[in-house]
Amino acid sequence: MADTRTAFYRGQRLGSREFARIQGVLEARPGLTREALAREVARRFRWTRPTGELAVTSCRLLLWRLARRGLIRWPAPSRRGPAAAPAQPGAGSAEEPRDWGPVAALPVGPGPLVVRPIVPAEAPAWREALARYHYLGCPRLVGESVRYAAFVGDTLVALLAWGAAALHNPPRDRYLGWDLTTRRGRLPWLVNNVRFLILPWVRVPHLASRILAANLRRLGRDWVARFGHPVLLAETFVDRARFRGTCYRASNWVYVGDTHGFARRGARYEHHGHPKLVFLYPLAPRARERLRAPDSLTERQPPEGPPMVKLAVARLPLEGRGGLIDVLQRLTDPRHRRGIRHSMVSIMAIAVCATLAGAQSLMAMAHWAQDQTPQTLRRLRCRTGRAPSEPTLRRVLGQIDVAVLDHQVGAWLAQQTMLAGQGLALDGKTLRGSTDGATRAVHLVGAVLHRDGVVVAQQRVSDKTNEITSVAPLFAALAIDGAVVTGDAMFTQTAIATHLVEAKRADYVFTVKDNQPTLRQDIVDLQLGAFPPSAHHGGQRPRAD
């Protein structure tokens, strides 16, 4: 007979000893909210996500389940009424919340296909529609998850949900060559297509595969923005009694086998006799090789991005003229004044300092703030000495003028470094996944410090122009006297060189290629290839690089 006094969490068996320890933590801090208590329990047991952040959300669900089973005593919620809808990533999206109302049949007219994460105001309608029209109903998404809506023009046509990958998936594990230890360490870099619903009245040829393709193009970017780490492989399960997986096959998903027909019921797996098709889709180059290689990933370090570091806030130039606080006070607060608990300055100061410490997601920023002492928080202009929550950070950062913020903070960062004699690289790039069918991809030109890799300024390139005309606006508010600006052949232009030398009093090192034959020949004729003086040509014709 199974022991009902045990539970499993994150591969760990919990028994009476662990329950007593958890109860001790809960009783020692009676004034804390459920969220804060879950955070404290996760800290004590060192339950963390792959990014190193505390697994607060899943720990809170664990405590709720233990309380339902009578294994611990869980305090009542600190506020009554329905909980606020969890925030969903909207970074990079300019979409406004839409009042879907009762989702009903509407004709699908002309217009571009847009697939984007829903915003918090749309969550109730999203859940209601999925519960009503999907044969499995609306799932309870715990831990890392993102919910999407697809529109053709102004018409809602589909809903999608992505969440944590399945713990047990034999066809997937055989395909990847995983053993138990490898799966435990690398499962966080997989994501599961939990739901995909085309609303029943929508009849548009090839729409399902188009929606999947558009969603997959931005899924990795949204995951990094929301959780601070990438995902390498997507999986999904298709009920073979109902579907054949045609849209997944058409979108180049790989069929890897069938399940054995088991489903999870609480802490157990029960046989239901309905095997499902398993499909996989790589979200990054060489995903299969990276997930199976012995040393490519570790359990607690994501494959990309630096870890969080301890930041000495007391040493930062916060106060006085030109300090970070002074810079942030020039920003306009877009919120209504009524009901504001945290000032604009405090929220932005926390966001900047957390980013300097290595935070790569809003949740990481919130965790960094919660780890600071009340004295540090007051120095960052938190009047009560309490840190803002992740939803507060998300709400404010989603409303501010990002271009103004980037301008102000980039200039402040540049002031903290003596630029004379330092290298600043001009770098143009297109944001991967920034197009969703309605708009062109976002293209940026930025100035990056060679030594530190810090972006001190960046400028969006207009769709009607190019990188060349964006250099002057890029450096408009940046003092780069004595710096050495480097760039590839794209930036080898007379106007740019003249602007850097005469207007900004900086030097430059640009590349010359064969597409500028006159300039290249001038370099050869003047024997400029002989520089630096340490170069030796042995009487050979100098070569321009």
# chains A, B, ... in the order shown; residues from 1 in each chain; ligands from 1
>>> select_by_dssp(residues="segment 97-156 of chain A", states="alpha helix (DSSP H)", output="NGL selection string")
:A and (123-133)
>>> write_last_selection(atoms="C-alpha atoms", output="mmCIF file, in the first residue's frame")
data_model
loop_
_atom_site.group_PDB
_atom_site.id
_atom_site.type_symbol
_atom_site.label_atom_id
_atom_site.label_comp_id
_atom_site.auth_asym_id
_atom_site.auth_seq_id
_atom_site.Cartn_x
_atom_site.Cartn_y
_atom_site.Cartn_z
ATOM 1 C CA ALA A 123 -6.837 36.224 -19.326
ATOM 2 C CA PRO A 124 -10.455 35.649 -18.174
ATOM 3 C CA ALA A 125 -11.783 35.519 -21.750
ATOM 4 C CA TRP A 126 -8.859 33.301 -22.780
ATOM 5 C CA ARG A 127 -9.640 30.801 -20.015
ATOM 6 C CA GLU A 128 -13.389 30.880 -20.663
ATOM 7 C CA ALA A 129 -12.989 30.249 -24.396
ATOM 8 C CA LEU A 130 -10.546 27.391 -23.900
ATOM 9 C CA ALA A 131 -12.749 25.773 -21.253
ATOM 10 C CA ARG A 132 -15.766 26.009 -23.544
ATOM 11 C CA TYR A 133 -14.353 24.968 -26.908
#
>>> closest_residue(among="A:Ala387, A:Leu519, A:Cys138, A:Leu176", to="His367 of chain A", atoms="only C-alpha atoms")
A:Ala387
>>> closest_residue(among="A:Arg186, A:Asp222, A:Pro171, A:Ala234", to="Pro275 of chain A", atoms="only C-alpha atoms")
A:Pro171
>>> closest_residue(among="A:Leu219, A:Val142, A:Leu199, A:Ile480", to="Asp507 of chain A", atoms="only C-alpha atoms")
A:Ile480
>>> closest_residue(among="A:Gln493, A:Arg172, A:Trp223, A:Leu61", to="Val256 of chain A", atoms="only C-alpha atoms")
A:Arg172
>>> atom_distance(atom1="atom CA of Ala158 of chain A", atom2="atom CA of Ala121 of chain A")
17.3 Å
